[in-house]
Amino acid sequence: MSVGNIQRVVVRGTNWVGDSVMTVPALRALRRLLPDAKITLATRPSAKGIFSEVDFIDDVLVYDRRNAFSVVSQVREWRRREFDLAVLFQNAFEAALIPFLAGVPVRLGYATESRQALLTHPVPLPDWRSSKHEVFYYLYLVTALEQFLSGTSTVCEADPDISLPISEARQAEAIQLLRSYGVDEEKSVVALCSGSINSRAKCWPAESYAALADRLMDQHRQVLLIGSRDELDVSNEVTSRMRNKPIVLTGKTTLDQITAVLGKVDLVVTNDTGPAHIAAALGCPTIVIFGPTNPLTTRPFSFKAEIIRHPPDCAPCMLRDCPIDHRCMTAITVDEVFEHAQALLKRASFAKTVRTVCDSVA
């Protein structure tokens, strides 16, 4: 097996939206390593919209795991496509079982979940995993693949590029969507993501988001509440505690749509969840409120993303529910977040003015 005779590659993507964004530099590195191969990304339906316009993969294979038969169906599809190589970003046992049963001849992934026997090329977990960003955790697999194929490790020498493209057509659709909800393009727009699908402990209190939204709207900012259908209860609670009326997009958009929308707003304030990573990858100024999770490894990989965090002794605990008083989140005040938001909005307004002047001169 060499670079030249690998024609069909399948990458098993991660399960969560934020994690999927963090695999983007590794996917770009894989494309550089295998420029002539057809690369298929197998991912959950929730993450498909992230990769709809990227140029570093050729195809998206949706894996909607609902029951045991879903695994059988996926095995059949992988076998039908006759992949030469499977690269597994997902760490679960099942992620290695599918290519094993499908007969993919080369199967590379981390040696986790007692799945070494299912992999032709098991990669030991790096000892630095808890001290470096997750971006490098996925890049390390591509480096290992290059070592196996050619004995070199040059493909990952480039700076990690996590940026996501949004076509002019999708930008236009996002503008039309915002107009349909009454958004004025001449005024600044702030998107708030107050929920989190996989962890209640990640959530800054709804009353804090409500107070922040009111203060922003008192400053004549337009506020969008965003999130998935599963986060609608939280958005409704935020709305019920507000004096003003925000625009609620929670549960009303696809991931494709909200990704394009986040490319048009002036600021995103969010918990440590998917939209934080999407917004940062789009170059949007982003404030991420951190509590139980570790920003060293999972903060958005962008200089335009700021984190606010006041960790107590128990943080990062990585728990999904706080067993005590949620002090990591309640320690973060509305005043503090509002001040950060004002600073980023002023900076964004200045940058927009400079671009307008430069465009007019050009």
# chains A, B, ... in the order shown; residues from 1 in each chain; ligands from 1
>>> closest_atom_pairs(of="range 125-201 of chain A", to="range 340-345 of chain A", cutoff="12 Å", atoms="only C-alpha atoms", output="CSV")
residue,atom,partner,partner_atom,distance
A:Lys187,CA,A:Leu345,CA,11.3
A:Ser188,CA,A:Leu345,CA,8.1
A:Val189,CA,A:Leu345,CA,9.4
A:Val190,CA,A:Leu345,CA,8.9
A:Ala191,CA,A:Ala341,CA,11.2
A:Leu192,CA,A:Ala341,CA,11.2
>>> select_by_dssp(residues="range 89-242 of chain A", states="strand (DSSP E)", output="list in words")
Val106, Arg107, Leu108, Gly109, Tyr110, His121, Pro122, Val123, Val189, Val190, Ala191, Leu192, Cys193, Gln222, Val223, Leu224 and Leu225 of chain A
>>> residues_around(residues="range 85-94 of chain A", least_positions_apart="6", cutoff="9 Å", atoms="only C-alpha atoms", output="number ranges by chain")
A: 6-15, 23, 71, 104-115, 118, 138, 141-142, 145
>>> select_by_dssp(residues="range 156-278 of chain A", states="helix (DSSP H, G or I)", output="ChimeraX atom specification")
/A:168-180,200-202,206-218,229-240,255-262,274-278
>>> closest_atom_pairs(of="range 14-77 of chain A", to="range 265-279 of chain A", cutoff="7 Å", atoms="only C-alpha atoms", output="Markdown table")
| residue | atom | partner | partner_atom | distance |
| --- | --- | --- | --- | --- |
| A:Val17 | CA | A:Gly274 | CA | 4.9 |
| A:Gly18 | CA | A:Gly274 | CA | 4.0 |
| A:Val21 | CA | A:His277 | CA | 6.3 |
>>> closest_residue(among="A:Val337, A:Cys203, A:Ala213, A:Leu27", to="Thr293 in chain A", atoms="only C-alpha atoms")
A:Cys203
>>> closest_atom_pairs(of="range 52-128 of chain A", to="range 161-169 of chain A", cutoff="9 Å", atoms="only C-alpha atoms", output="Markdown table")
| residue | atom | partner | partner_atom | distance |
| --- | --- | --- | --- | --- |
| A:Glu53 | CA | A:Pro165 | CA | 6.5 |
| A:Val54 | CA | A:Pro165 | CA | 6.4 |
| A:Asp55 | CA | A:Pro165 | CA | 9.0 |
>>> write_last_selection(atoms="all heavy atoms", output="compact mmCIF listing (two decimals), in the first residue's frame")
# COMPACT_ATOMS: atom_id res chain seq x y z
N GLU A 53 -19.89 22.56 1.18
CA GLU A 53 -19.20 23.31 0.11
C GLU A 53 -17.68 23.24 0.21
O GLU A 53 -16.99 24.03 -0.43
CB GLU A 53 -19.65 24.77 0.13
CG GLU A 53 -21.11 24.95 -0.25
CD GLU A 53 -21.54 26.40 -0.25
OE1 GLU A 53 -21.11 27.16 0.65
OE2 GLU A 53 -22.31 26.79 -1.14
N VAL A 54 -17.14 22.32 0.97
CA VAL A 54 -15.69 22.25 1.13
C VAL A 54 -15.06 21.57 -0.08
O VAL A 54 -15.71 20.80 -0.79
CB VAL A 54 -15.31 21.52 2.43
CG1 VAL A 54 -15.89 22.22 3.64
CG2 VAL A 54 -15.77 20.05 2.38
N ASP A 55 -13.77 21.85 -0.31
CA ASP A 55 -13.08 21.28 -1.46
C ASP A 55 -12.10 20.18 -1.08
O ASP A 55 -11.40 19.65 -1.95
CB ASP A 55 -12.35 22.38 -2.23
CG ASP A 55 -11.32 23.11 -1.36
OD1 ASP A 55 -11.16 22.75 -0.18
OD2 ASP A 55 -10.69 24.06 -1.87
>>> closest_atom_pairs(of="range 186-262 of chain A", to="range 316-321 of chain A", cutoff="8 Å", atoms="only C-alpha atoms", output="tab-separated table")
residue	atom	partner	partner_atom	distance
A:Asn198	CA	A:Arg320	CA	7.1
A:Ser199	CA	A:Arg320	CA	4.3
A:Arg200	CA	A:Asp321	CA	5.7
A:Ala201	CA	A:Asp321	CA	4.8
A:Lys202	CA	A:Arg320	CA	7.3
>>> residues_around(residues="Asp325 in chain A", least_positions_apart="4", cutoff="12 Å", atoms="only C-alpha atoms", output="PyMOL selection string")
chain A and resi 201+205+312+314+321+329-331
>>> atom_distance(atom1="CA of Asp218 in chain A", atom2="CA of Gly263 in chain A")
23.8 Å
